Each structure stands twice: as structure tokens, then as C-alpha cells.
Amino acid sequence: DELASPHIAVYNTVNDRLVYQRGENEKILPASTAKIMTGILALEHFEGRLDTKVTVTTAALRGLEGSAVLNLKAGEEIPVRDLLYAMLVAGMNDAANVLAIEIAGSIVDFVSLMNQKAREIGAEQTLYLNPTGFDNAAAYTTAADTAKIAAYAYRNKTFMEMCSARAYTVSATNMHGIILHIKVINK
């Protein structure tokens, strides 16, 4: 009763079980937890090739006004590793979109991959509508599904290394000097 959230799912990754839950199956917005799935798909797609440079498209930059972005430009070339750190550690939405389009060719096709992967993981009550987690009343997940997805990500060593980073510098590109220095406080 001391916990403030009405939606809680604590998952034990050792025995693959929910060990505490409250409102775990009520539908909620995915918000930035969608970036966990985007990160999973990107790490699996680019496994062993994280230094691959990708080119930013105009489509990847649409609709992100007022959100956390790296201020990437169409035609900019940036390594996948930098996009992943920017997205997973600093929540950068343009990084998520660039990865999505590079992997699937479009946001719509990437979202299909997200939802397919969610089902494979056992997250049956999740519907993603974008790789960023931007609020959309039709998108949903549950605390239980989010715990399953996070537990799946936890098994990926690179995912955990990135999320555990205390600092990271997004390198210079063909259009910018150093774009972002991420420093996590109190980690």
C-alpha cells in the first residue's frame, strides 16, 4: 500500500515469474517503455554490426517537434551504437525513428515487427503504434507485459551495458560536431 503506482509488476528474471503485482493486467499507455522494444529489435538486427553508419531520412524526423531529440538532419550519417545510446540512455526520439526506418523501411513496418516480437515474448496485451512511445490513445500495454519485455531485454548483455552507462558521448557526424554528451547522475 506504500507504493504509489496502481500498475505494478515485479518480475524475477531467474525463474521467469511475476513475484509481485497490482493492476498488472490493466491496459496503460506504453510511453517510453516502447523504446525497450525498439532497442531489442535494433540490437538483434545489428548484432555484431553496431558501428554500422546509417543515414537519417526526412521521414524519421517528422512529428517529433517539442520532444527529446538529437536534432539530427536528413542525410546525416551516424553509427547505430550512438543511436542506441541516445535512445536508451537519453530517450532521444529521432534516434528511435532513424533505427526503425533503417531496420524496416518505414515506421509502419517497424511497428509491425514490434508487435510481432511482443507476441513472441509472450506480451499478448501490448499494441505499439510507434517506436518512440509517443502517446496515442489506441496504443496500450500492461505492467505484466512490460515486465516480460524488460526481462527479455535484461538477457541481452549489450542492452544492459548501454542502459548501465554512466556517461556516453554521441560522436561527430558528417553534419555535426559532438552531438550529445550523456551523463547520468545518481546511478
# chains A, B, ... in the order shown; residues from 1 in each chain; ligands from 1
>>> closest_atom_pairs(of="range 134-175 of chain A", to="range 42-62 of chain A", cutoff="12 Å", atoms="only C-alpha atoms", output="tab-separated table")
residue	atom	partner	partner_atom	distance
A:Tyr152	CA	A:Glu44	CA	11.9
A:Ala153	CA	A:Leu43	CA	9.7
A:Arg155	CA	A:Leu43	CA	11.9
A:Asn156	CA	A:Leu43	CA	8.5
A:Lys157	CA	A:Leu43	CA	10.1
A:Thr158	CA	A:Leu43	CA	7.8
A:Phe159	CA	A:Leu43	CA	7.4
A:Met160	CA	A:Leu43	CA	11.2
A:Glu161	CA	A:Leu43	CA	12.0
A:Met162	CA	A:Leu43	CA	10.8
A:Ser171	CA	A:Asp51	CA	11.4
A:Ala172	CA	A:Lys53	CA	11.9
A:Thr173	CA	A:Lys53	CA	9.6
A:Asn174	CA	A:Thr55	CA	10.1
A:Met175	CA	A:Val56	CA	11.0
>>> write_last_selection(atoms="C-alpha atoms", output="compact mmCIF listing (two decimals), in the first residue's frame")
# COMPACT_ATOMS: atom_id res chain seq x y z
CA TYR A 152 13.74 -10.28 -22.25
CA ALA A 153 15.89 -7.16 -22.75
CA ARG A 155 19.07 -11.11 -21.05
CA ASN A 156 20.84 -9.08 -23.75
CA LYS A 157 24.30 -8.19 -22.46
CA THR A 158 24.73 -5.21 -24.80
CA PHE A 159 21.31 -3.81 -23.87
CA MET A 160 22.26 -3.92 -20.20
CA GLU A 161 25.71 -2.40 -20.81
CA MET A 162 24.11 0.50 -22.64
CA SER A 171 30.29 11.18 -31.82
CA ALA A 172 30.68 13.79 -34.53
CA THR A 173 28.89 13.11 -37.80
CA ASN A 174 29.19 14.37 -41.35
CA MET A 175 26.92 17.31 -40.34
>>> select_by_dssp(residues="range 16-106 of chain A", states="strand (DSSP E)", output="count of residues only")
12
>>> residues_around(residues="range 109-122 of chain A", least_positions_apart="3", cutoff="8 Å", atoms="only C-alpha atoms", output="PyMOL selection string")
chain A and resi 37-38+41+100-101+103-106+126-131+145+148-149+152
>>> closest_atom_pairs(of="range 69-138 of chain A", to="range 27-33 of chain A", cutoff="8 Å", atoms="only C-alpha atoms", output="JSON lines")
{"residue": "A:Gly91", "atom": "CA", "partner": "A:Ser32", "partner_atom": "CA", "distance": 7.5}
{"residue": "A:Gln125", "atom": "CA", "partner": "A:Lys27", "partner_atom": "CA", "distance": 7.6}
{"residue": "A:Tyr128", "atom": "CA", "partner": "A:Pro30", "partner_atom": "CA", "distance": 7.4}
{"residue": "A:Thr132", "atom": "CA", "partner": "A:Ser32", "partner_atom": "CA", "distance": 6.2}
{"residue": "A:Gly133", "atom": "CA", "partner": "A:Ala31", "partner_atom": "CA", "distance": 4.2}
{"residue": "A:Phe134", "atom": "CA", "partner": "A:Ala31", "partner_atom": "CA", "distance": 5.9}
{"residue": "A:Asp135", "atom": "CA", "partner": "A:Ala31", "partner_atom": "CA", "distance": 6.0}
{"residue": "A:Asn136", "atom": "CA", "partner": "A:Leu29", "partner_atom": "CA", "distance": 7.7}
{"residue": "A:Ala137", "atom": "CA", "partner": "A:Leu29", "partner_atom": "CA", "distance": 7.4}
>>> atom_distance(atom1="CA of Glu77 in chain A", atom2="CA of Ser164 in chain A")
25.4 Å
>>> atom_distance(atom1="CA of Val10 in chain A", atom2="CA of Ala138 in chain A")
25.3 Å
>>> atom_distance(atom1="CA of Asn12 in chain A", atom2="CA of Arg81 in chain A")
28.5 Å
>>> closest_residue(among="A:Tyr11, A:Ile36, A:Val184, A:Glu2", to="Ala167 in chain A", atoms="only C-alpha atoms")
A:Val184
>>> closest_residue(among="A:Leu70, A:Met92, A:Ala86, A:Ala150", to="Tyr168 in chain A", atoms="only C-alpha atoms")
A:Ala86
